[in-house]
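Novice: Data: protein-v9.tsv, TSV, C-alpha atoms.
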chain	number	residue	atom	x	y	z
A	197	MET	CA	-15.92	-45.08	-37.94
A	198	ARG	CA	-13.37	-46.39	-35.46
A	199	GLU	CA	-10.94	-48.97	-36.83
A	200	GLN	CA	-11.99	-52.42	-35.58
A	201	ALA	CA	-8.50	-53.81	-34.99
A	202	MET	CA	-5.95	-54.04	-32.24
A	203	PRO	CA	-3.21	-51.37	-32.37
A	204	ASN	CA	0.24	-52.25	-33.70
A	205	VAL	CA	-0.95	-55.47	-35.32
A	206	THR	CA	0.56	-56.50	-38.64
A	207	ASP	CA	-1.05	-58.82	-41.18
A	208	GLU	CA	2.09	-60.88	-41.65
A	209	LEU	CA	3.53	-63.72	-39.63
A	210	VAL	CA	6.57	-62.94	-37.53
A	211	PRO	CA	9.88	-63.95	-39.16
A	212	GLU	CA	11.50	-67.22	-38.20
A	213	VAL	CA	12.17	-67.09	-34.47
A	214	GLU	CA	15.91	-66.80	-33.91
A	215	SER	CA	17.87	-68.95	-31.51
A	216	PRO	CA	17.70	-67.95	-27.83
A	217	GLU	CA	21.48	-68.10	-27.51
A	218	ARG	CA	21.90	-65.54	-30.26
A	219	ALA	CA	19.15	-63.31	-28.87
A	220	LEU	CA	20.53	-63.42	-25.31
A	221	ALA	CA	23.98	-62.32	-26.46
A	222	ARG	CA	22.61	-58.86	-27.30
A	223	LEU	CA	20.92	-58.20	-23.95
A	224	ALA	CA	21.89	-56.40	-20.76
A	225	PRO	CA	23.25	-58.83	-18.15
A	226	ASP	CA	20.27	-58.57	-15.77
A	227	ILE	CA	17.58	-59.74	-18.18
A	228	ALA	CA	19.95	-62.15	-19.94
A	229	ARG	CA	20.49	-63.95	-16.61
A	230	ILE	CA	16.73	-64.27	-16.03
A	231	LEU	CA	16.05	-65.64	-19.50
A	232	ASP	CA	19.00	-68.00	-19.28
A	233	ALA	CA	17.65	-69.32	-15.97
A	234	ALA	CA	14.22	-69.82	-17.55
A	235	LEU	CA	15.80	-71.58	-20.51
A	236	ASN	CA	17.52	-73.96	-18.12
A	237	GLY	CA	14.36	-74.79	-16.21
A	238	ARG	CA	14.73	-72.69	-13.06
A	239	GLU	CA	11.44	-71.46	-11.60
A	240	LEU	CA	11.16	-67.67	-11.83
A	241	GLY	CA	9.93	-65.42	-9.03
A	242	PHE	CA	7.82	-62.25	-8.97
A	243	GLU	CA	10.59	-59.67	-9.48
A	244	GLU	CA	12.10	-61.69	-12.32
A	245	GLY	CA	8.68	-61.99	-13.92
A	246	VAL	CA	8.09	-58.25	-13.68
A	247	ARG	CA	11.45	-57.56	-15.33
A	248	LEU	CA	10.41	-59.77	-18.24
A	249	ALA	CA	6.95	-58.22	-18.35
A	250	ARG	CA	8.56	-54.79	-18.79
A	251	ALA	CA	10.82	-55.96	-21.63
A	252	THR	CA	11.07	-53.76	-24.72
A	253	GLY	CA	12.58	-54.01	-28.20
A	254	GLU	CA	15.36	-56.58	-28.42
A	255	GLU	CA	14.39	-57.87	-24.97
A	256	VAL	CA	10.94	-58.86	-26.25
A	257	ARG	CA	12.46	-60.68	-29.21
A	258	ALA	CA	14.70	-62.61	-26.83
A	259	LEU	CA	11.76	-63.37	-24.51
A	260	VAL	CA	9.81	-64.75	-27.48
A	261	ALA	CA	12.79	-66.84	-28.62
A	262	VAL	CA	13.27	-68.37	-25.18
A	263	ALA	CA	9.54	-69.06	-24.76
A	264	ASP	CA	9.40	-70.73	-28.17
A	265	ARG	CA	12.37	-72.95	-27.30
A	266	VAL	CA	10.81	-73.90	-23.95
A	267	ARG	CA	7.54	-74.67	-25.74
A	268	GLN	CA	9.35	-76.96	-28.16
A	269	GLU	CA	11.20	-78.76	-25.36
A	270	THR	CA	8.08	-79.05	-23.20
A	271	VAL	CA	5.26	-80.02	-25.56
A	272	GLY	CA	6.95	-80.42	-28.93
A	273	ASP	CA	5.69	-79.25	-32.32
A	274	ILE	CA	2.10	-80.45	-32.13
A	275	VAL	CA	-0.50	-77.66	-32.05
A	276	THR	CA	-3.85	-78.87	-30.73
A	277	TYR	CA	-7.45	-77.76	-31.09
A	278	VAL	CA	-10.85	-79.04	-29.97
A	279	VAL	CA	-14.02	-79.32	-32.04
A	280	ASN	CA	-16.60	-77.57	-29.91
A	281	ARG	CA	-19.58	-75.23	-29.83
A	282	ASN	CA	-20.32	-72.24	-27.64
A	283	ILE	CA	-23.83	-72.15	-26.21
A	284	ASN	CA	-24.64	-68.82	-24.54
A	285	PHE	CA	-28.06	-69.70	-23.17
A	286	THR	CA	-29.03	-66.14	-22.21
A	287	ASN	CA	-27.68	-62.62	-22.54
A	288	ILE	CA	-29.84	-61.31	-19.70
A	289	CYS	CA	-27.60	-60.26	-16.81
A	290	PHE	CA	-27.88	-57.95	-13.82
A	291	VAL	CA	-24.14	-57.63	-13.06
A	292	GLY	CA	-23.28	-54.92	-15.58
A	293	CYS	CA	-19.53	-55.51	-16.04
A	294	SER	CA	-18.06	-52.45	-17.73
A	295	PHE	CA	-15.82	-54.59	-19.97
A	296	CYS	CA	-18.75	-56.61	-21.38
A	297	ALA	CA	-20.88	-55.73	-24.42
A	298	PHE	CA	-22.83	-59.01	-24.40
A	299	SER	CA	-25.24	-58.58	-21.49
A	300	ARG	CA	-28.75	-57.11	-21.74
A	301	THR	CA	-31.52	-56.15	-19.33
A	302	PRO	CA	-34.72	-58.20	-19.54
A	303	LYS	CA	-36.62	-55.41	-21.35
A	304	GLU	CA	-34.13	-54.77	-24.15
A	305	ARG	CA	-35.30	-55.76	-27.62
A	306	ASP	CA	-32.44	-58.17	-28.27
A	307	ALA	CA	-32.56	-59.88	-24.85
A	308	TYR	CA	-33.05	-63.64	-25.12
A	309	ALA	CA	-33.19	-66.80	-23.01
A	310	LEU	CA	-33.00	-70.24	-24.59
A	311	THR	CA	-35.24	-73.03	-23.34
A	312	LEU	CA	-33.77	-76.31	-22.14
A	313	GLU	CA	-34.99	-77.91	-25.36
A	314	GLN	CA	-33.19	-75.28	-27.45
A	315	VAL	CA	-29.94	-75.77	-25.52
A	316	ALA	CA	-30.17	-79.54	-25.99
A	317	GLU	CA	-30.88	-79.10	-29.70
A	318	LYS	CA	-27.77	-76.93	-30.14
A	319	ALA	CA	-25.71	-79.61	-28.40
A	320	ALA	CA	-27.17	-82.30	-30.66
A	321	GLU	CA	-26.42	-80.22	-33.77
A	322	ALA	CA	-22.83	-79.78	-32.58
A	323	TRP	CA	-22.44	-83.53	-32.04
A	324	GLN	CA	-23.68	-84.19	-35.56
A	325	ARG	CA	-21.04	-81.77	-36.88
A	326	GLY	CA	-18.24	-83.62	-35.08
A	327	ALA	CA	-18.02	-81.65	-31.84
A	328	THR	CA	-16.86	-83.43	-28.70
A	329	GLU	CA	-17.49	-80.47	-26.35
A	330	VAL	CA	-20.07	-77.80	-25.69
A	331	CYS	CA	-18.99	-74.73	-23.74
A	332	VAL	CA	-22.07	-73.47	-21.91
A	333	GLN	CA	-22.13	-70.05	-20.25
A	334	GLY	CA	-24.57	-67.16	-20.01
A	335	GLY	CA	-25.59	-64.03	-18.22
A	336	LEU	CA	-26.99	-63.96	-14.69
A	337	PRO	CA	-30.75	-63.35	-14.98
A	338	PRO	CA	-32.50	-61.78	-11.98
A	339	GLU	CA	-34.58	-64.28	-10.01
A	340	MET	CA	-33.07	-67.28	-11.82
A	341	ASP	CA	-33.96	-70.68	-10.41
A	342	GLY	CA	-30.78	-71.88	-8.74
A	343	PHE	CA	-31.30	-75.39	-10.14
A	344	PHE	CA	-31.46	-74.15	-13.74
A	345	TYR	CA	-27.79	-75.01	-14.31
A	346	ARG	CA	-28.43	-78.56	-13.15
A	347	ASP	CA	-31.39	-78.78	-15.52
A	348	ILE	CA	-29.25	-77.59	-18.46
A	349	LEU	CA	-26.82	-80.42	-17.77
A	350	ARG	CA	-29.61	-82.97	-17.58
A	351	ALA	CA	-31.15	-81.76	-20.84
A	352	ILE	CA	-27.86	-81.99	-22.75
A	353	LYS	CA	-26.86	-85.39	-21.37
A	354	ALA	CA	-30.33	-86.79	-22.05
A	355	ARG	CA	-30.00	-85.75	-25.68
A	356	VAL	CA	-26.27	-86.36	-26.24
A	357	PRO	CA	-24.93	-88.60	-23.44
A	358	GLU	CA	-21.34	-88.67	-24.74
A	359	MET	CA	-20.94	-84.91	-25.16
A	360	HIS	CA	-18.36	-83.33	-22.84
A	361	ILE	CA	-19.99	-80.42	-21.00
A	362	HIS	CA	-17.59	-77.59	-20.20
A	363	ALA	CA	-19.87	-75.21	-18.36
A	364	PHE	CA	-20.48	-72.39	-15.91
A	365	SER	CA	-17.89	-69.85	-14.84
A	366	PRO	CA	-17.03	-69.43	-11.15
A	367	MET	CA	-19.32	-66.38	-11.19
A	368	GLU	CA	-22.21	-68.56	-12.33
A	369	ILE	CA	-21.36	-71.15	-9.68
A	370	VAL	CA	-21.43	-68.49	-6.95
A	371	TYR	CA	-24.78	-67.28	-8.26
A	372	GLY	CA	-26.19	-70.80	-8.26
A	373	VAL	CA	-25.03	-71.26	-4.66
A	374	GLU	CA	-26.71	-67.98	-3.69
A	375	ARG	CA	-29.98	-68.91	-5.42
A	376	THR	CA	-30.19	-72.40	-3.89
A	377	GLY	CA	-28.65	-71.75	-0.48
A	378	MET	CA	-26.60	-74.94	-0.86
A	379	PRO	CA	-22.99	-75.18	0.37
A	380	LEU	CA	-20.52	-74.68	-2.48
A	381	ARG	CA	-19.13	-78.22	-2.29
A	382	ASP	CA	-22.60	-79.76	-2.35
A	383	TYR	CA	-23.67	-77.55	-5.25
A	384	LEU	CA	-20.63	-78.48	-7.36
A	385	LEU	CA	-21.08	-82.15	-6.51
A	386	MET	CA	-24.72	-81.94	-7.62
A	387	LEU	CA	-23.62	-80.45	-10.95
A	388	LYS	CA	-20.95	-83.12	-11.39
A	389	GLU	CA	-23.45	-85.91	-10.71
A	390	ASN	CA	-25.77	-84.42	-13.34
A	391	GLY	CA	-23.21	-84.17	-16.12
A	392	LEU	CA	-20.77	-81.32	-15.51
A	393	ASP	CA	-17.41	-82.52	-16.83
A	394	THR	CA	-15.13	-79.46	-16.59
A	395	LEU	CA	-15.38	-75.83	-15.53
A	396	PRO	CA	-14.29	-72.77	-17.56
A	397	GLY	CA	-11.79	-70.75	-15.53
A	398	THR	CA	-13.33	-67.53	-16.77
A	399	ALA	CA	-14.56	-64.60	-14.62
A	400	ALA	CA	-10.93	-64.34	-13.53
A	401	GLU	CA	-10.12	-61.16	-15.48
A	402	ILE	CA	-7.20	-60.01	-13.29
A	403	LEU	CA	-6.95	-61.78	-9.94
A	404	ASP	CA	-6.32	-58.61	-7.97
A	405	ASP	CA	-9.21	-57.09	-6.03
A	406	ALA	CA	-8.12	-53.49	-6.63
A	407	VAL	CA	-8.24	-54.04	-10.39
A	408	ARG	CA	-11.51	-55.96	-10.15
A	409	TRP	CA	-13.08	-53.09	-8.21
A	410	ARG	CA	-12.24	-50.74	-11.08
A	411	ILE	CA	-13.71	-52.89	-13.87
A	412	SER	CA	-16.65	-54.66	-12.21
A	413	ARG	CA	-17.66	-53.89	-8.65
A	414	GLN	CA	-20.42	-56.50	-8.48
A	415	LYS	CA	-18.34	-59.43	-9.65
A	416	LEU	CA	-16.97	-62.11	-7.36
A	417	THR	CA	-13.80	-61.45	-5.35
A	418	VAL	CA	-10.43	-63.11	-5.84
A	419	ALA	CA	-11.07	-65.24	-2.75
A	420	GLN	CA	-14.42	-66.43	-4.15
A	421	TRP	CA	-12.86	-67.31	-7.53
A	422	ILE	CA	-10.13	-69.30	-5.82
A	423	GLU	CA	-12.62	-71.09	-3.56
A	424	VAL	CA	-14.79	-72.20	-6.50
A	425	ILE	CA	-11.82	-73.36	-8.57
A	426	THR	CA	-10.01	-75.21	-5.78
A	427	THR	CA	-13.20	-76.86	-4.53
A	428	ALA	CA	-14.00	-78.02	-8.06
A	429	HIS	CA	-10.50	-79.44	-8.43
A	430	GLU	CA	-10.83	-81.26	-5.10
A	431	LEU	CA	-14.03	-82.88	-6.41
A	432	GLY	CA	-12.29	-84.03	-9.58
A	433	ILE	CA	-13.77	-81.30	-11.78
A	434	ARG	CA	-10.86	-79.93	-13.78
A	435	SER	CA	-10.88	-76.40	-15.18
A	436	THR	CA	-9.18	-74.03	-17.54
A	437	SER	CA	-7.50	-70.84	-16.31
A	438	THR	CA	-7.67	-67.42	-17.96
A	439	MET	CA	-6.49	-63.82	-17.70
A	440	MET	CA	-7.94	-60.72	-19.39
A	441	TYR	CA	-5.28	-58.11	-20.14
A	442	GLY	CA	-5.01	-54.79	-21.97
A	443	HIS	CA	-7.45	-52.62	-19.99
A	444	VAL	CA	-6.55	-50.92	-16.66
A	445	GLU	CA	-3.98	-53.39	-15.30
A	446	ALA	CA	-0.17	-53.07	-15.21
A	447	PRO	CA	2.52	-55.68	-16.03
A	448	GLU	CA	2.90	-56.40	-12.30
A	449	HIS	CA	-0.69	-57.64	-12.32
A	450	TRP	CA	0.05	-60.12	-15.11
A	451	VAL	CA	2.87	-61.63	-13.10
A	452	GLY	CA	0.93	-61.75	-9.84
A	453	HIS	CA	-1.98	-63.42	-11.63
A	454	LEU	CA	0.22	-66.05	-13.29
A	455	LEU	CA	2.04	-66.87	-10.06
A	456	LEU	CA	-1.27	-67.24	-8.24
A	457	LEU	CA	-2.40	-69.74	-10.88
A	458	ARG	CA	0.92	-71.55	-10.51
A	459	ASP	CA	0.44	-71.80	-6.75
A	460	ILE	CA	-3.09	-73.18	-7.17
A	461	GLN	CA	-1.83	-75.73	-9.67
A	462	LYS	CA	0.88	-76.86	-7.27
A	463	ARG	CA	-1.84	-77.59	-4.71
A	464	THR	CA	-4.55	-79.10	-6.91
A	465	GLY	CA	-3.16	-80.06	-10.32
A	466	GLY	CA	-6.61	-79.28	-11.73
A	467	PHE	CA	-5.89	-76.76	-14.49
A	468	THR	CA	-5.84	-78.16	-18.03
A	469	GLU	CA	-4.58	-75.02	-19.75
A	470	PHE	CA	-4.01	-71.28	-19.53
A	471	VAL	CA	-5.83	-68.95	-21.92
A	472	PRO	CA	-4.68	-65.31	-22.23
A	473	LEU	CA	-7.67	-63.19	-23.27
A	474	GLY	CA	-6.82	-59.82	-24.77
A	475	PHE	CA	-9.37	-57.11	-23.91
A	476	VAL	CA	-11.56	-56.26	-26.93
A	477	PRO	CA	-12.50	-52.66	-26.14
A	478	TRP	CA	-14.52	-51.12	-28.93
A	479	ASN	CA	-18.14	-51.60	-27.76
A	480	THR	CA	-17.54	-51.68	-24.00
A	481	ALA	CA	-18.47	-49.03	-21.44
A	482	LEU	CA	-15.04	-49.37	-19.83
A	483	TYR	CA	-13.33	-48.14	-23.01
A	484	LYS	CA	-15.99	-45.66	-24.11
A	485	SER	CA	-15.82	-43.93	-20.72
A	486	GLY	CA	-12.08	-43.39	-21.16
A	487	LYS	CA	-11.15	-45.59	-18.20
A	488	ALA	CA	-9.29	-48.26	-20.21
A	489	ARG	CA	-6.63	-48.29	-22.89
A	490	PRO	CA	-7.68	-49.54	-26.35
A	491	GLY	CA	-6.72	-53.15	-25.83
A	492	PRO	CA	-3.25	-54.71	-25.80
A	493	THR	CA	-0.51	-53.81	-28.24
A	494	ARG	CA	1.11	-56.50	-30.39
A	495	GLU	CA	4.10	-56.42	-28.04
A	496	GLU	CA	1.86	-56.98	-25.00
A	497	HIS	CA	0.17	-59.96	-26.66
A	498	LEU	CA	3.54	-61.56	-27.34
A	499	LYS	CA	4.85	-60.82	-23.85
A	500	VAL	CA	1.81	-62.28	-22.07
A	501	HIS	CA	1.91	-65.56	-24.02
A	502	ALA	CA	5.68	-65.86	-23.58
A	503	LEU	CA	5.50	-65.02	-19.87
A	504	ALA	CA	2.83	-67.67	-19.39
A	505	ARG	CA	5.06	-70.29	-20.99
A	506	LEU	CA	8.01	-69.41	-18.74
A	507	LEU	CA	6.24	-68.71	-15.43
A	508	LEU	CA	3.91	-71.72	-15.65
A	509	ARG	CA	6.58	-74.13	-16.88
A	510	GLY	CA	6.31	-77.54	-15.25
A	511	TRP	CA	2.82	-76.83	-13.91
A	512	ILE	CA	0.46	-75.69	-16.68
A	513	GLU	CA	1.93	-76.92	-19.95
A	514	ASN	CA	-0.82	-75.95	-22.40
A	515	ILE	CA	-0.97	-72.29	-23.45
A	516	GLN	CA	-3.87	-71.41	-25.75
A	517	VAL	CA	-4.32	-68.58	-28.23
A	518	SER	CA	-7.77	-67.01	-28.46
A	519	TRP	CA	-8.09	-66.77	-32.24
A	520	VAL	CA	-11.41	-64.97	-32.04
A	521	LYS	CA	-9.80	-62.11	-30.07
A	522	LEU	CA	-6.39	-62.07	-31.77
A	523	GLY	CA	-7.26	-62.69	-35.40
A	524	ARG	CA	-5.18	-64.78	-37.79
A	525	ALA	CA	-1.85	-62.91	-37.81
A	526	LEU	CA	-1.56	-62.40	-34.07
A	527	SER	CA	-2.67	-65.93	-33.30
A	528	GLN	CA	0.15	-67.21	-35.49
A	529	GLN	CA	2.65	-64.88	-33.84
A	530	CYS	CA	1.62	-65.95	-30.34
A	531	LEU	CA	2.02	-69.59	-31.37
A	532	GLN	CA	5.63	-68.58	-32.11
A	533	ALA	CA	5.89	-67.01	-28.64
A	534	GLY	CA	5.26	-70.07	-26.48
A	535	ALA	CA	1.66	-71.12	-27.18
A	536	ASN	CA	0.75	-74.63	-28.34
A	537	ASP	CA	-3.06	-74.73	-28.60
A	538	TYR	CA	-5.43	-73.03	-31.04
A	539	GLY	CA	-8.56	-73.32	-28.89
A	540	GLY	CA	-11.87	-74.49	-30.30
A	541	THR	CA	-13.89	-74.27	-33.50
A	542	LEU	CA	-16.60	-72.53	-31.39
A	543	MET	CA	-19.32	-72.67	-34.13
A	544	GLU	CA	-21.19	-69.83	-32.43
A	545	GLU	CA	-19.06	-67.17	-30.71
A	546	ASN	CA	-20.97	-64.16	-29.34
A	547	ILE	CA	-19.19	-62.49	-26.43
A	548	SER	CA	-16.02	-61.29	-28.18
A	549	ARG	CA	-17.94	-60.50	-31.39
A	550	LEU	CA	-20.31	-58.15	-29.58
A	551	ALA	CA	-17.35	-56.42	-27.89
A	552	GLY	CA	-15.96	-55.63	-31.34
A	553	ALA	CA	-13.82	-58.61	-32.36
A	554	THR	CA	-13.85	-59.25	-36.10
A	555	ALA	CA	-12.13	-62.65	-36.48
A	556	GLY	CA	-15.44	-64.50	-36.91
A	557	GLN	CA	-17.61	-66.96	-35.01
A	558	TYR	CA	-16.37	-70.28	-36.40
A	559	LEU	CA	-13.12	-71.80	-37.60
A	560	ALA	CA	-13.26	-75.14	-39.40
A	561	PRO	CA	-10.79	-77.91	-38.51
A	562	GLU	CA	-9.35	-77.69	-42.04
A	563	GLU	CA	-8.53	-74.02	-41.46
A	564	PHE	CA	-6.78	-74.91	-38.20
A	565	HIS	CA	-4.73	-77.48	-40.13
A	566	ALA	CA	-3.71	-74.94	-42.77
A	567	ARG	CA	-2.70	-72.29	-40.26
A	568	ILE	CA	-0.74	-74.71	-38.10
A	569	ARG	CA	1.13	-76.07	-41.12
A	570	GLU	CA	2.06	-72.51	-42.13
A	571	LEU	CA	4.16	-72.48	-38.98
A	572	GLY	CA	5.83	-75.79	-39.78
A	573	ARG	CA	3.98	-77.43	-36.90
A	574	ILE	CA	1.72	-80.50	-36.70
A	575	PRO	CA	-2.07	-80.19	-36.23
A	576	ALA	CA	-3.87	-82.50	-33.82
A	577	GLU	CA	-7.45	-82.70	-32.61
A	578	ARG	CA	-7.74	-83.10	-28.83
A	579	THR	CA	-10.37	-83.61	-26.18
A	580	THR	CA	-11.20	-80.96	-23.59
A	581	THR	CA	-8.66	-82.50	-21.21
A	582	TYR	CA	-5.91	-82.69	-23.84
A	583	GLN	CA	-6.12	-86.33	-24.83
A	584	ILE	CA	-5.05	-86.51	-28.48
A	585	ARG	CA	-7.83	-87.87	-30.73
A	586	ARG	CA	-6.15	-87.55	-34.13
A	587	VAL	CA	-2.78	-86.28	-35.38
A	588	PHE	CA	-2.75	-84.90	-38.92
A	589	ALA	CA	0.89	-85.48	-39.76
Rewrite the structure from the file as structure tokens, please.
Specialist:
Amino acid sequence: MREQAMPNVTDELVPEVESPERALARLAPDIARILDAALNGRELGFEEGVRLARATGEEVRALVAVADRVRQETVGDIVTYVVNRNINFTNICFVGCSFCAFSRTPKERDAYALTLEQVAEKAAEAWQRGATEVCVQGGLPPEMDGFFYRDILRAIKARVPEMHIHAFSPMEIVYGVERTGMPLRDYLLMLKENGLDTLPGTAAEILDDAVRWRISRQKLTVAQWIEVITTAHELGIRSTSTMMYGHVEAPEHWVGHLLLLRDIQKRTGGFTEFVPLGFVPWNTALYKSGKARPGPTREEHLKVHALARLLLRGWIENIQVSWVKLGRALSQQCLQAGANDYGGTLMEENISRLAGATAGQYLAPEEFHARIRELGRIPAERTTTYQIRRVFA
């Protein structure tokens, strides 16, 4: 049986992060200059980002030290989380992304589609358990009614009016536009008027069409993803931003992706956070066919989170760890490499689990508190848009 864990991952927390000044003193002049510039707040460009992305050994330790210092100076020692629930309303999907192990065809035995009443009931259960957000996403069923997403919003808001609905990836939005024939702006406005609060910035994977062609030829293009996200931001619908790494991409793609997000944020200011999503390979066709590497190494996880902190500085200040993909030890290590948010309790995580992740489907607030305090940091519950609800000093 194949080991269900990321390569090069230890079960222990990283040692105390050393001072950037001490770490920089051991480096070659070229990378030391870049990290010193980042430490002093200068915006980094593509070539500088690529040099950091290709760091090894002592260079990675210095990158982590600088990112942790910048994190402390930028957002302080509070580590946030949100109490939420995932609702994947169907696993039926025609797209067939090679990196996904969640989707099913309509005739498969474990295919399912929740009714509007079932979706609303899950939202109500989450509210009773203290959730302030439901994250609603699903597969793309053939012949779906284009107004089904609107009806999901109506059903949830009718049952739990105060629940924040974080729903529908840009891929789902494009599909809804295709099914209804409505202009994108009108479609998004309709969803907003019926209860859509924020948009997940998923379906991004790597924002490079050559990479996208290799991992999912039927998925939306970079231009389509940008159009959905920027139009949503213009309408006052904020979104997260994400990147999936550790499959067929190269470090240059990480940097290009992050700088594209930075450029969008400069124009719209609509991103609430950046979420690095390590590729979970074990049950995916992309990995089984030999076309992808077996997920990111520990060093790659640390580099991506640290790069995000430095390249997005001043524009996207919240960097999240995906505990369900990373597990406990790596999540803690990435929080010492520039990240400041632990994500959500989830209550019902399916997509990463079916791809082979083994960190679980739910993390209680009390467990967040314990893990955050292990790092000497301060836990705080937040809203979806990063308003602090409670600090647990």
Novice: Please report the interatomic distance between atom CA of A:Asn280 and atom CA of A:Ala327 in Å with one decimal.
Specialist: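 Computing it gives 4.7 Å between the two atoms.
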Novice: Distance atom CA of A:Leu310-atom CA of A:Thr286, one decimal place?
Specialist: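 For atom CA of A:Leu310 relative to atom CA of A:Thr286, the distance reads 6.2 Å.
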Novice: Tell me which of A:Arg265, A:Asp273, A:Glu358, A:Gly466 sits closest to A:Arg569, counting all atoms listed in the file.
Specialist: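 Using all atoms listed in the file, the shortest distance to A:Arg569 belongs to A:Asp273.
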Novice: Please indicate the distance in Å from atom CA of A:Thr301 to atom CA of A:Ile288, rounded to one decimal place.
Specialist: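 Atom-to-atom, atom CA of A:Thr301 and atom CA of A:Ile288 are spaced 5.4 Å apart.
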Novice: Could you please give me, as an mmCIF file with C-alpha atoms, in the frame of the given file, the residues of protein, DNA or RNA lying at most 12 Å from (-0.9, -71.3, -30.5) in the coordinate frame of the file, considering only C-alpha atoms?
Specialist:
data_model
loop_
_atom_site.group_PDB
_atom_site.id
_atom_site.type_symbol
_atom_site.label_atom_id
_atom_site.label_comp_id
_atom_site.auth_asym_id
_atom_site.auth_seq_id
_atom_site.Cartn_x
_atom_site.Cartn_y
_atom_site.Cartn_z
ATOM 1 C CA ASP A 264 9.400 -70.730 -28.170
ATOM 2 C CA ARG A 267 7.540 -74.670 -25.740
ATOM 3 C CA GLN A 268 9.350 -76.960 -28.160
ATOM 4 C CA VAL A 271 5.260 -80.020 -25.560
ATOM 5 C CA ASP A 273 5.690 -79.250 -32.320
ATOM 6 C CA ILE A 274 2.100 -80.450 -32.130
ATOM 7 C CA VAL A 275 -0.500 -77.660 -32.050
ATOM 8 C CA THR A 276 -3.850 -78.870 -30.730
ATOM 9 C CA TYR A 277 -7.450 -77.760 -31.090
ATOM 10 C CA GLU A 469 -4.580 -75.020 -19.750
ATOM 11 C CA PHE A 470 -4.010 -71.280 -19.530
ATOM 12 C CA VAL A 471 -5.830 -68.950 -21.920
ATOM 13 C CA PRO A 472 -4.680 -65.310 -22.230
ATOM 14 C CA LEU A 498 3.540 -61.560 -27.340
ATOM 15 C CA HIS A 501 1.910 -65.560 -24.020
ATOM 16 C CA ALA A 502 5.680 -65.860 -23.580
ATOM 17 C CA ARG A 505 5.060 -70.290 -20.990
ATOM 18 C CA ASN A 514 -0.820 -75.950 -22.400
ATOM 19 C CA ILE A 515 -0.970 -72.290 -23.450
ATOM 20 C CA GLN A 516 -3.870 -71.410 -25.750
ATOM 21 C CA VAL A 517 -4.320 -68.580 -28.230
ATOM 22 C CA SER A 518 -7.770 -67.010 -28.460
ATOM 23 C CA TRP A 519 -8.090 -66.770 -32.240
ATOM 24 C CA LEU A 522 -6.390 -62.070 -31.770
ATOM 25 C CA GLY A 523 -7.260 -62.690 -35.400
ATOM 26 C CA ARG A 524 -5.180 -64.780 -37.790
ATOM 27 C CA ALA A 525 -1.850 -62.910 -37.810
ATOM 28 C CA LEU A 526 -1.560 -62.400 -34.070
ATOM 29 C CA SER A 527 -2.670 -65.930 -33.300
ATOM 30 C CA GLN A 528 0.150 -67.210 -35.490
ATOM 31 C CA GLN A 529 2.650 -64.880 -33.840
ATOM 32 C CA CYS A 530 1.620 -65.950 -30.340
ATOM 33 C CA LEU A 531 2.020 -69.590 -31.370
ATOM 34 C CA GLN A 532 5.630 -68.580 -32.110
ATOM 35 C CA ALA A 533 5.890 -67.010 -28.640
ATOM 36 C CA GLY A 534 5.260 -70.070 -26.480
ATOM 37 C CA ALA A 535 1.660 -71.120 -27.180
ATOM 38 C CA ASN A 536 0.750 -74.630 -28.340
ATOM 39 C CA ASP A 537 -3.060 -74.730 -28.600
ATOM 40 C CA TYR A 538 -5.430 -73.030 -31.040
ATOM 41 C CA GLY A 539 -8.560 -73.320 -28.890
ATOM 42 C CA GLY A 540 -11.870 -74.490 -30.300
ATOM 43 C CA PHE A 564 -6.780 -74.910 -38.200
ATOM 44 C CA ARG A 567 -2.700 -72.290 -40.260
ATOM 45 C CA ILE A 568 -0.740 -74.710 -38.100
ATOM 46 C CA ARG A 569 1.130 -76.070 -41.120
ATOM 47 C CA LEU A 571 4.160 -72.480 -38.980
ATOM 48 C CA ARG A 573 3.980 -77.430 -36.900
ATOM 49 C CA ILE A 574 1.720 -80.500 -36.700
ATOM 50 C CA PRO A 575 -2.070 -80.190 -36.230
#
Novice: Could you give me, as a list of chain:residue names, the residues within 7 Å of stretch 389-399 of chain A, counting all atoms listed in the file and dropping anything in the same chain fewer than 2 positions from it?
Specialist: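 Result of the neighbour search: A:Arg346, A:Leu349, A:Arg350, A:Lys353, A:His360, A:Ile361, A:His362, A:Ala363, A:Phe364, A:Ser365, A:Pro366, A:Met367, A:Leu385, A:Met386, A:Leu387, A:Glu401, A:Ile433, A:Arg434, A:Ser435, A:Thr436, A:Ser437, A:Thr438.
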Novice: Using only C-alpha atoms, which residue out of A:Pro561, A:Gly241, A:Gly452, A:Gly253 lies closest to A:Arg222?
Specialist: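 Of the candidates, the smallest distance to A:Arg222 is held by A:Gly253.
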